[in-house]
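Student: My questions will all concern the structure given below.
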Amino acid sequence: MSSFQPQIYCSNLNCATPLNDFGSSVCKNCQNPLVYRYLWAVGTAVLQIPADSQIGGRYVVKAPQIWLDTQPGLQPDFPTVELPDALLPYLYLYSYRLHIPEVHGLCFKEDDRATDEIFLLENVPLDKQGNLLPAIAQSWAQATAARQVYWLWQLLQLWSPLAEQGVSASLLAADNIRVEGWRVRLCQLFIDEALFATEDEATLETPMLGLGDLANVWLGWLDQAKPEIAAPLQKLCQDMHEDGVGLGAISAQLNQLLLEQTAQLPLRLQIASATDPGPQQGHNEDTCYPNGTQVGSIKLNDHVFPRLVAVCDGIGGHEGGEVASQLAVQSLKLQIQALLAEVTMADSIVPPEVVAEQIEAIVRVMNDMISAQNDMQGREARRRMGTTLVMALQLPQQVLLSTGQVAENSHELYLVNVGDSRAYWLTPRYCHQLTVDDDVAAREVRMGRSLYREALKRPDSGSLIQALGTRDSEFLRPSIQRFLLEEDGILLLCSDGLSDNGWVESSWLDIMGEVFRGKKLLSEAAQAWVDLANQNNGHDNVSVVLLDCHVSTPLPDVSFPGVRSPLNSDWSESSRGLLQEASTGDERVETQLGKGKTTNKLLWIGLILATLLIGSGFAIWSQTHPRSQPRREQLTPKS
């Protein structure tokens, strides 16, 4: 290793003169944007490597454990035989990449590949200049009460998955916990056993870490907790030390406190959307809700607006994909309407795990509708139509406050995805990808078989491993997450016609900056995203839905641009015909399933019954969980 002035290689491997001065933004030869990729180094000797050192002819040490990859166009080194045990927790926890870093690759200090092995992490809490984001302790005093509790909630939700992998100690090192706005992020994972390592390890059993250990960390911050939450958090930490008090009870207490804080904030929602078949496609298999290409106003009985937004990317061509995506959205709207009605009538807060169960049931009904349509038409294997799904539901639960007042909106946002359509959270400061694609590459990582960048080299890396309608519901595993709206931001949902090739990550501020400054309409931004996708991807349909969530100051009500969208109103002739196929002479299908008209009616009857059952589940839950105090004065208006 040696000290030197770094130069950055152009990531375009075909560039004739790729070397550029550090600090340049574009390649002086080919004008390709230069990539500054800062990584987090983990290994036994990394803290002893001085700054400005060059490692492996490629990496430059900026600060302890913070390395710059000067050749970002090249692949990192991967394990040649099997993955080291130290890497496996990162792989198994890949679904939590919003909070946990990912393994980029390996590095070797010298030529000896058997020793001095260092692995490098990406998706780490570093800014664009390679500086660490602030530790939670640094930002704690300046945070609002809602954000302080929200940070603790995220840490508590990480406790069980990290404990299952033997790395819950990662949550006990305060300097390891960094924050980026609302989001909690970890620098690295620490093995629990390392906390108790002794010279005579063989004679000792590793103690189990518990919630009391987590509470001890939190207690160090509580002297600077906001006054309205200090006492409840002190009691919570005491309960975490008690024997017999489980994670469920602690979660319920913390959830109540969290919703009490977020529910006192104002909330206004605005929606814009756009969809386009793209320059290379003759038809559009995407469906989004609401559909901004239609003219008119939201129908009075469309009670899911503006709480629900969704994007579905159909699979199966113009004689299947668009039918599947349209069926999914129509089914979703009907069921979410019933869910919202039941939650509004509930006499107490419906816990997030119960809401998640109900949403999962809704997704399974959507899947079974499309799957039944496939069966009715004799579609098998690759001929089965299906659709991806990414949806967000703003759930306006009423919250009884300690003052006796009732706040009308808990500010919960439930996010669901199946397939590779994505969700991003955008603010003037950052762009966070909230979802993880259901593709082969992600599966290989979650199964502990490959590093992500290595899995991307597979020819089938982007192939979907699940979608709605292609298989029975017992094989479906939708991802369901809950977020709290406690800062101004815009949720972006999109099909892969936009998200492919990283265009959201590289262009979000260019397109959304004027929206954040109040100089561009949300609808104009939605169309700008579609135009960007058509210009730079262009190979697929593209759909975008933007949900603007404003919580910082009360704003007057606005008129929402709306949709008149009766069932089948904008389907192509081939798609309408597909729905009637079973009733026009497919003898084999009629023999197996009965006449097509009856089957179609049964699909809708089944959907209505499923909706009623979902509503009944909430009604039963509400009756068995009465509110401890009667409702009183309304605190905040519904958005």
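In the structure tokens, each chain is lettered A, B, ... as it comes, each chain's residues begin at 1, and ligands are numbered from 1 in order of appearance.
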Please provide as number ranges by chain all residues within 8 Å of A:Val46, with the sequence filter that same-chain residues fewer than 6 positions apart are discarded (counting only C-alpha atoms).
Tutor: A: 64-65, 118
Student: List every residue of stretch 238-342 of chain A that DSSP, applied to the backbone of this structure, assigns to strand (DSSP E), and report them as a CSV table (one decimal) with C-alpha atoms, in the first residue's frame.
Tutor:
chain,number,residue,atom,x,y,z
A,268,ARG,CA,-52.9,16.4,3.0
A,269,LEU,CA,-52.6,13.9,0.2
A,270,GLN,CA,-52.3,14.8,-3.5
A,271,ILE,CA,-52.1,12.3,-6.4
A,272,ALA,CA,-50.9,12.4,-10.0
A,273,SER,CA,-50.4,9.5,-12.4
A,274,ALA,CA,-49.4,8.7,-15.9
A,275,THR,CA,-49.1,5.6,-18.0
A,276,ASP,CA,-47.9,5.0,-21.6
A,286,ASP,CA,-49.8,-1.7,-17.2
A,287,THR,CA,-52.7,-0.5,-15.1
A,288,CYS,CA,-52.4,2.1,-12.4
A,289,TYR,CA,-54.8,3.6,-9.9
A,308,LEU,CA,-55.1,4.0,-2.3
A,309,VAL,CA,-52.5,4.1,-5.1
A,310,ALA,CA,-51.3,1.2,-7.1
A,311,VAL,CA,-49.3,0.1,-10.2
A,312,CYS,CA,-49.8,-3.3,-11.8
A,313,ASP,CA,-47.5,-4.5,-14.7
A,314,GLY,CA,-49.3,-7.2,-16.6
A,315,ILE,CA,-47.6,-10.4,-17.8
Student: DSSP on the backbone: what in stretch 92-164 of chain A comes out helix (DSSP H, G or I), as a list of chain:residue names?
Tutor: A:Tyr92, A:Tyr94, A:Ser95, A:Tyr96, A:Ile136, A:Ala137, A:Gln138, A:Ser139, A:Ala145, A:Ala146, A:Arg147, A:Gln148, A:Val149, A:Tyr150, A:Trp151, A:Leu152, A:Trp153, A:Gln154, A:Leu155, A:Leu156, A:Gln157, A:Leu158, A:Trp159, A:Ser160, A:Pro161, A:Leu162, A:Ala163, A:Glu164
Student: Save out the residues we just selected, N, CA, C and O atoms, as a short mmCIF file (atom, residue, chain, number, x, y, z; two decimals), in the first residue's frame.
Tutor:
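selection-v3.cif was written with the following content:
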data_model
loop_
_atom_site.label_atom_id
_atom_site.label_comp_id
_atom_site.auth_asym_id
_atom_site.auth_seq_id
_atom_site.Cartn_x
_atom_site.Cartn_y
_atom_site.Cartn_z
N TYR A 92 -29.04 -13.33 4.39
CA TYR A 92 -30.35 -13.75 4.89
C TYR A 92 -31.24 -12.55 5.25
O TYR A 92 -32.47 -12.67 5.23
N TYR A 94 -31.35 -9.73 3.57
CA TYR A 94 -31.40 -8.85 2.40
C TYR A 94 -32.74 -8.11 2.29
O TYR A 94 -32.79 -6.98 1.80
N SER A 95 -33.81 -8.72 2.73
CA SER A 95 -35.12 -8.08 2.66
C SER A 95 -35.19 -6.81 3.50
O SER A 95 -36.08 -5.98 3.30
N TYR A 96 -34.24 -6.66 4.43
CA TYR A 96 -34.20 -5.48 5.30
C TYR A 96 -33.17 -4.47 4.82
O TYR A 96 -32.63 -3.70 5.62
N ILE A 136 -27.40 8.20 15.74
CA ILE A 136 -28.71 8.52 16.31
C ILE A 136 -28.56 9.42 17.54
O ILE A 136 -29.38 10.32 17.77
N ALA A 137 -27.51 9.21 18.33
CA ALA A 137 -27.30 10.02 19.52
C ALA A 137 -27.03 11.49 19.16
O ALA A 137 -27.42 12.40 19.90
N GLN A 138 -26.39 11.71 18.01
CA GLN A 138 -26.11 13.08 17.57
C GLN A 138 -27.37 13.81 17.16
O GLN A 138 -27.49 15.03 17.37
N SER A 139 -28.30 13.12 16.57
CA SER A 139 -29.50 13.75 16.03
C SER A 139 -30.69 13.69 16.97
O SER A 139 -31.72 14.32 16.70
N ALA A 145 -40.78 14.67 18.64
CA ALA A 145 -41.22 13.54 19.45
C ALA A 145 -41.64 12.37 18.57
O ALA A 145 -41.32 11.21 18.86
N ALA A 146 -42.36 12.67 17.47
CA ALA A 146 -42.80 11.60 16.57
C ALA A 146 -41.61 10.86 15.99
O ALA A 146 -41.59 9.63 15.91
N ARG A 147 -40.58 11.61 15.59
CA ARG A 147 -39.42 10.96 14.98
C ARG A 147 -38.62 10.18 16.01
O ARG A 147 -38.11 9.09 15.70
N GLN A 148 -38.49 10.68 17.21
CA GLN A 148 -37.77 9.93 18.24
C GLN A 148 -38.42 8.57 18.47
O GLN A 148 -37.73 7.54 18.52
N VAL A 149 -39.74 8.55 18.59
CA VAL A 149 -40.43 7.27 18.80
C VAL A 149 -40.34 6.40 17.55
O VAL A 149 -40.20 5.18 17.64
N TYR A 150 -40.40 7.02 16.38
CA TYR A 150 -40.32 6.26 15.13
C TYR A 150 -38.97 5.58 14.99
O TYR A 150 -38.90 4.43 14.54
N TRP A 151 -37.89 6.25 15.36
CA TRP A 151 -36.58 5.60 15.34
C TRP A 151 -36.56 4.37 16.25
O TRP A 151 -36.06 3.31 15.88
N LEU A 152 -37.11 4.53 17.45
CA LEU A 152 -37.13 3.39 18.38
C LEU A 152 -37.99 2.26 17.84
O LEU A 152 -37.66 1.08 18.01
N TRP A 153 -39.10 2.61 17.19
CA TRP A 153 -39.96 1.58 16.61
C TRP A 153 -39.20 0.76 15.56
O TRP A 153 -39.30 -0.46 15.53
N GLN A 154 -38.45 1.43 14.71
CA GLN A 154 -37.69 0.71 13.69
C GLN A 154 -36.65 -0.21 14.32
O GLN A 154 -36.45 -1.35 13.86
N LEU A 155 -35.98 0.26 15.36
CA LEU A 155 -35.00 -0.60 16.04
C LEU A 155 -35.67 -1.81 16.65
O LEU A 155 -35.14 -2.93 16.60
N LEU A 156 -36.85 -1.61 17.23
CA LEU A 156 -37.56 -2.74 17.85
C LEU A 156 -37.98 -3.75 16.79
O LEU A 156 -37.93 -4.97 17.02
N GLN A 157 -38.41 -3.27 15.61
CA GLN A 157 -38.81 -4.18 14.54
C GLN A 157 -37.63 -4.98 13.99
O GLN A 157 -37.81 -6.06 13.43
N LEU A 158 -36.43 -4.44 14.13
CA LEU A 158 -35.24 -5.16 13.67
C LEU A 158 -34.75 -6.20 14.68
O LEU A 158 -33.95 -7.07 14.33
N TRP A 159 -35.21 -6.11 15.92
CA TRP A 159 -34.67 -6.96 16.98
C TRP A 159 -34.83 -8.45 16.66
O TRP A 159 -33.85 -9.21 16.71
N SER A 160 -36.04 -8.88 16.33
CA SER A 160 -36.26 -10.31 16.10
C SER A 160 -35.49 -10.85 14.89
O SER A 160 -34.80 -11.88 15.02
N PRO A 161 -35.58 -10.24 13.71
CA PRO A 161 -34.83 -10.80 12.58
C PRO A 161 -33.32 -10.81 12.82
O PRO A 161 -32.64 -11.76 12.40
N LEU A 162 -32.78 -9.81 13.50
CA LEU A 162 -31.35 -9.80 13.78
C LEU A 162 -31.00 -10.86 14.82
O LEU A 162 -29.96 -11.52 14.72
N ALA A 163 -31.87 -11.03 15.82
CA ALA A 163 -31.61 -12.05 16.84
C ALA A 163 -31.62 -13.45 16.23
O ALA A 163 -30.82 -14.31 16.62
N GLU A 164 -32.49 -13.68 15.25
CA GLU A 164 -32.55 -14.99 14.60
C GLU A 164 -31.24 -15.31 13.89
O GLU A 164 -30.87 -16.48 13.78
#
Student: If you count only C-alpha atoms, which residues fall within 6 Å of stretch 389-404 of chain A, apart from same-chain ones fewer than 5 positions away, as a list in words?
Tutor: Glu260, Arg307, Leu308, Val309, Ala310, Val311, Cys312, Asn409, Ser410, Glu412, Leu413, Tyr414, Leu415, Val416, Asn417, Val418 and Ser421 of chain A
Student: Let's have the selection written as an mmCIF file, in the first residue's frame, with C-alpha atoms.
Tutor:
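The resulting file, result.cif, is shown below:
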data_model
loop_
_atom_site.group_PDB
_atom_site.id
_atom_site.type_symbol
_atom_site.label_atom_id
_atom_site.label_comp_id
_atom_site.auth_asym_id
_atom_site.auth_seq_id
_atom_site.Cartn_x
_atom_site.Cartn_y
_atom_site.Cartn_z
ATOM 1 C CA GLU A 260 -50.380 9.271 19.410
ATOM 2 C CA ARG A 307 -56.071 6.623 0.263
ATOM 3 C CA LEU A 308 -55.087 4.005 -2.318
ATOM 4 C CA VAL A 309 -52.470 4.136 -5.051
ATOM 5 C CA ALA A 310 -51.294 1.173 -7.114
ATOM 6 C CA VAL A 311 -49.331 0.090 -10.175
ATOM 7 C CA CYS A 312 -49.786 -3.297 -11.845
ATOM 8 C CA ASN A 409 -55.693 9.960 11.156
ATOM 9 C CA SER A 410 -52.881 7.775 12.485
ATOM 10 C CA GLU A 412 -49.968 4.910 8.723
ATOM 11 C CA LEU A 413 -48.909 3.952 5.208
ATOM 12 C CA TYR A 414 -48.975 0.259 4.261
ATOM 13 C CA LEU A 415 -46.852 -0.706 1.283
ATOM 14 C CA VAL A 416 -47.299 -4.001 -0.593
ATOM 15 C CA ASN A 417 -45.314 -5.451 -3.462
ATOM 16 C CA VAL A 418 -45.333 -8.627 -5.526
ATOM 17 C CA SER A 421 -42.674 -2.901 -9.707
#
Student: Tell me, in Å to one decimal, how far atom CA of A:Gln405 is from atom CA of A:Leu258.
Tutor: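 Atom CA of A:Leu258 lies at a distance of 15.8 Å from atom CA of A:Gln405.
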Student: Write out as a list in words the residues lying within 10 Å of stretch 20-25 of chain A, counting only C-alpha atoms and excluding same-chain residues fewer than 5 positions away.
Tutor: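 The residues satisfying every condition are Gln5, Pro6, Gln7, Ile8, Tyr9, Cys10, Gln31, Asn32, Pro33, Leu34, Val35, Tyr36, Thr70 and Gln129 of chain A.
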Student: As an exercise, work out the distance from atom CA of A:Leu120 to atom CA of A:His432 in Å and give it to one decimal place.
Tutor: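 Interatomic distance, atom CA of A:Leu120 to atom CA of A:His432: 21.1 Å.
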Student: Quick one: of A:Gln188, A:Asn14, A:Thr427, A:Thr344, who's nearest to A:Gly513, counting only C-alpha atoms?
Tutor: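 Ranking A:Gln188, A:Asn14, A:Thr427, A:Thr344 by distance to A:Gly513, first place goes to A:Thr427.
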Student: Using only C-alpha atoms for the distances, tell me which of A:Ala169, A:Leu91, A:Gly210, A:Thr388 is nearest to A:Ala441.
Tutor: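 The answer is A:Leu91, which sits nearest to A:Ala441.
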